[in-house]
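K.L.:
Take a look at this one; I'll ask things after.
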Amino acid sequence: MRVIAIRFALLCWALGAISKAFGAEPEVTYRIDSFWLYQSALEVSDMNVDIGTPRLNLFNAHFVATIRVDGAISLKEPRRRPFIKRVHVSERFVPSSTDPERVVELQVTPIVEIEVDADYDGATVPFTLSIPYNLRTYQWGVNHFTVVVSGREQRFEVTQYK
């Protein structure tokens, strides 16, 4: 039994290293499960939201928004390489002063963690994230959304037809 547990642990470690090497996107979380000690090192340079052409109708209110985030992590500590471990997303309705309709705001926060790396010299680490995020309309007609990442925001709307 112990041998199986060790093999399973090695397999999980290897799969994690392989997915990291091939640039797998970090998981999306909705929980605050640790301290975010390295967020000040994060700098977002660009953010874009692509919704494609959602096929919304009487029987379908779901669509996917792909959130692309570009930036860099500047942690000037040798042997402590920063990386994006997870992406925290929170959703809420906010009133809009320019529109009597409600607006869905998605707050997206890339979570910076570190790993020990003897070869890391403290250089800036660039990153690009592409986060496919499932959304749902909240009413018939026009639905307003805003995505916010590190102070940058992009608004878009989709129309739910009957």
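Simple scheme: letters A, B, ... for chains in structure tokens order, numbers from 1 for residues in each chain, numbers from 1 for ligands in the order shown.
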Quick check for you: according to DSSP on this backbone, which residues of stretch 29-151 of chain A are classed as strand (DSSP E or B)? Reply as a PDB file with C-alpha atoms, in the first residue's frame.
P.N.:
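Output below, filename states33.pdb:
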```pdb
ATOM      1  CA  THR A  29     -10.424  29.551  -7.835  1.00  0.00           C
ATOM      2  CA  LEU A  42       2.604  41.690 -10.233  1.00  0.00           C
ATOM      3  CA  GLU A  43       2.248  44.197 -13.064  1.00  0.00           C
ATOM      4  CA  VAL A  44      -0.455  43.780 -15.712  1.00  0.00           C
ATOM      5  CA  SER A  45       0.430  45.444 -19.016  1.00  0.00           C
ATOM      6  CA  ASP A  46      -2.570  44.406 -21.129  1.00  0.00           C
ATOM      7  CA  MET A  47      -5.943  42.727 -20.773  1.00  0.00           C
ATOM      8  CA  ASN A  48      -8.434  41.677 -23.418  1.00  0.00           C
ATOM      9  CA  VAL A  49     -11.775  39.853 -23.355  1.00  0.00           C
ATOM     10  CA  ASP A  50     -13.016  37.857 -26.341  1.00  0.00           C
ATOM     11  CA  ASN A  57     -31.518  31.922 -27.491  1.00  0.00           C
ATOM     12  CA  ASN A  60     -29.257  28.704 -24.120  1.00  0.00           C
ATOM     13  CA  HIS A  62     -24.491  30.311 -21.425  1.00  0.00           C
ATOM     14  CA  PHE A  63     -21.417  31.571 -23.238  1.00  0.00           C
ATOM     15  CA  VAL A  64     -17.638  31.575 -22.791  1.00  0.00           C
ATOM     16  CA  ALA A  65     -15.532  34.694 -22.369  1.00  0.00           C
ATOM     17  CA  THR A  66     -11.805  34.202 -22.924  1.00  0.00           C
ATOM     18  CA  ILE A  67      -9.867  36.608 -20.717  1.00  0.00           C
ATOM     19  CA  ARG A  68      -6.299  37.222 -21.851  1.00  0.00           C
ATOM     20  CA  VAL A  69      -3.910  38.871 -19.407  1.00  0.00           C
ATOM     21  CA  ASP A  70      -0.337  39.934 -20.250  1.00  0.00           C
ATOM     22  CA  GLY A  71       2.167  41.236 -17.761  1.00  0.00           C
ATOM     23  CA  ALA A  72       5.290  40.610 -15.746  1.00  0.00           C
ATOM     24  CA  ILE A  73       6.311  39.690 -12.219  1.00  0.00           C
ATOM     25  CA  ARG A  80      12.934  32.609  -5.501  1.00  0.00           C
ATOM     26  CA  ARG A  81      11.266  32.411  -8.923  1.00  0.00           C
ATOM     27  CA  PRO A  82       7.751  33.906  -9.050  1.00  0.00           C
ATOM     28  CA  PHE A  83       4.937  32.347 -11.097  1.00  0.00           C
ATOM     29  CA  ILE A  84       1.148  32.542 -11.423  1.00  0.00           C
ATOM     30  CA  LYS A  85      -0.247  29.659  -9.400  1.00  0.00           C
ATOM     31  CA  ARG A  86      -3.990  30.335  -9.615  1.00  0.00           C
ATOM     32  CA  VAL A  87      -6.406  32.970 -10.801  1.00  0.00           C
ATOM     33  CA  HIS A  88      -9.029  34.225  -8.349  1.00  0.00           C
ATOM     34  CA  VAL A  89     -12.341  35.317  -9.906  1.00  0.00           C
ATOM     35  CA  SER A  90     -15.233  36.970  -8.129  1.00  0.00           C
ATOM     36  CA  GLU A  91     -18.535  38.039  -9.660  1.00  0.00           C
ATOM     37  CA  ARG A  92     -20.998  40.634  -8.433  1.00  0.00           C
ATOM     38  CA  PHE A  93     -23.748  42.931  -9.643  1.00  0.00           C
ATOM     39  CA  VAL A  94     -22.888  46.629  -9.480  1.00  0.00           C
ATOM     40  CA  PRO A  95     -25.172  49.558 -10.124  1.00  0.00           C
ATOM     41  CA  ARG A 102     -27.402  46.140 -13.635  1.00  0.00           C
ATOM     42  CA  VAL A 103     -23.827  45.327 -14.648  1.00  0.00           C
ATOM     43  CA  VAL A 104     -22.023  42.089 -13.838  1.00  0.00           C
ATOM     44  CA  GLU A 105     -18.480  42.826 -12.685  1.00  0.00           C
ATOM     45  CA  LEU A 106     -15.853  40.086 -12.818  1.00  0.00           C
ATOM     46  CA  GLN A 107     -12.824  40.848 -10.684  1.00  0.00           C
ATOM     47  CA  VAL A 108      -9.886  38.715 -11.928  1.00  0.00           C
ATOM     48  CA  THR A 109      -6.719  38.448  -9.802  1.00  0.00           C
ATOM     49  CA  PRO A 110      -3.697  36.386 -10.865  1.00  0.00           C
ATOM     50  CA  ILE A 111      -2.180  34.929  -7.675  1.00  0.00           C
ATOM     51  CA  VAL A 112       1.609  35.104  -7.497  1.00  0.00           C
ATOM     52  CA  GLU A 113       3.524  32.356  -5.697  1.00  0.00           C
ATOM     53  CA  ILE A 114       7.218  31.516  -5.568  1.00  0.00           C
ATOM     54  CA  GLU A 115       9.307  28.398  -5.968  1.00  0.00           C
ATOM     55  CA  VAL A 116      12.911  27.786  -4.982  1.00  0.00           C
ATOM     56  CA  VAL A 125       9.335  37.058 -15.394  1.00  0.00           C
ATOM     57  CA  PRO A 126       6.824  37.808 -18.188  1.00  0.00           C
ATOM     58  CA  PHE A 127       3.516  35.945 -18.288  1.00  0.00           C
ATOM     59  CA  THR A 128       0.507  35.525 -20.548  1.00  0.00           C
ATOM     60  CA  LEU A 129      -2.707  33.965 -19.291  1.00  0.00           C
ATOM     61  CA  SER A 130      -5.674  32.850 -21.353  1.00  0.00           C
ATOM     62  CA  ILE A 131      -8.600  32.065 -19.092  1.00  0.00           C
ATOM     63  CA  PRO A 132     -11.765  30.564 -20.621  1.00  0.00           C
ATOM     64  CA  TYR A 133     -14.543  31.580 -18.238  1.00  0.00           C
ATOM     65  CA  ASN A 134     -18.154  30.369 -18.394  1.00  0.00           C
ATOM     66  CA  LEU A 135     -20.772  33.090 -18.015  1.00  0.00           C
ATOM     67  CA  ARG A 136     -24.555  33.212 -18.080  1.00  0.00           C
ATOM     68  CA  GLY A 141     -32.401  41.528 -23.847  1.00  0.00           C
ATOM     69  CA  VAL A 142     -29.092  43.302 -23.340  1.00  0.00           C
ATOM     70  CA  ASN A 143     -26.792  42.050 -20.541  1.00  0.00           C
ATOM     71  CA  HIS A 144     -23.861  44.239 -19.453  1.00  0.00           C
ATOM     72  CA  PHE A 145     -20.530  42.849 -18.193  1.00  0.00           C
ATOM     73  CA  THR A 146     -17.286  44.402 -16.990  1.00  0.00           C
ATOM     74  CA  VAL A 147     -14.028  42.501 -16.462  1.00  0.00           C
ATOM     75  CA  VAL A 148     -11.495  44.137 -14.121  1.00  0.00           C
ATOM     76  CA  VAL A 149      -7.851  43.017 -13.825  1.00  0.00           C
TER      77      VAL A 149
END
```
K.L.:
Figure out the distance between atom CA of A:Ala41 and atom CA of A:Leu75, please, to one decimal in Å.
P.N.:
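One can read the atom CA of A:Leu75 to atom CA of A:Ala41 distance as 5.5 Å.
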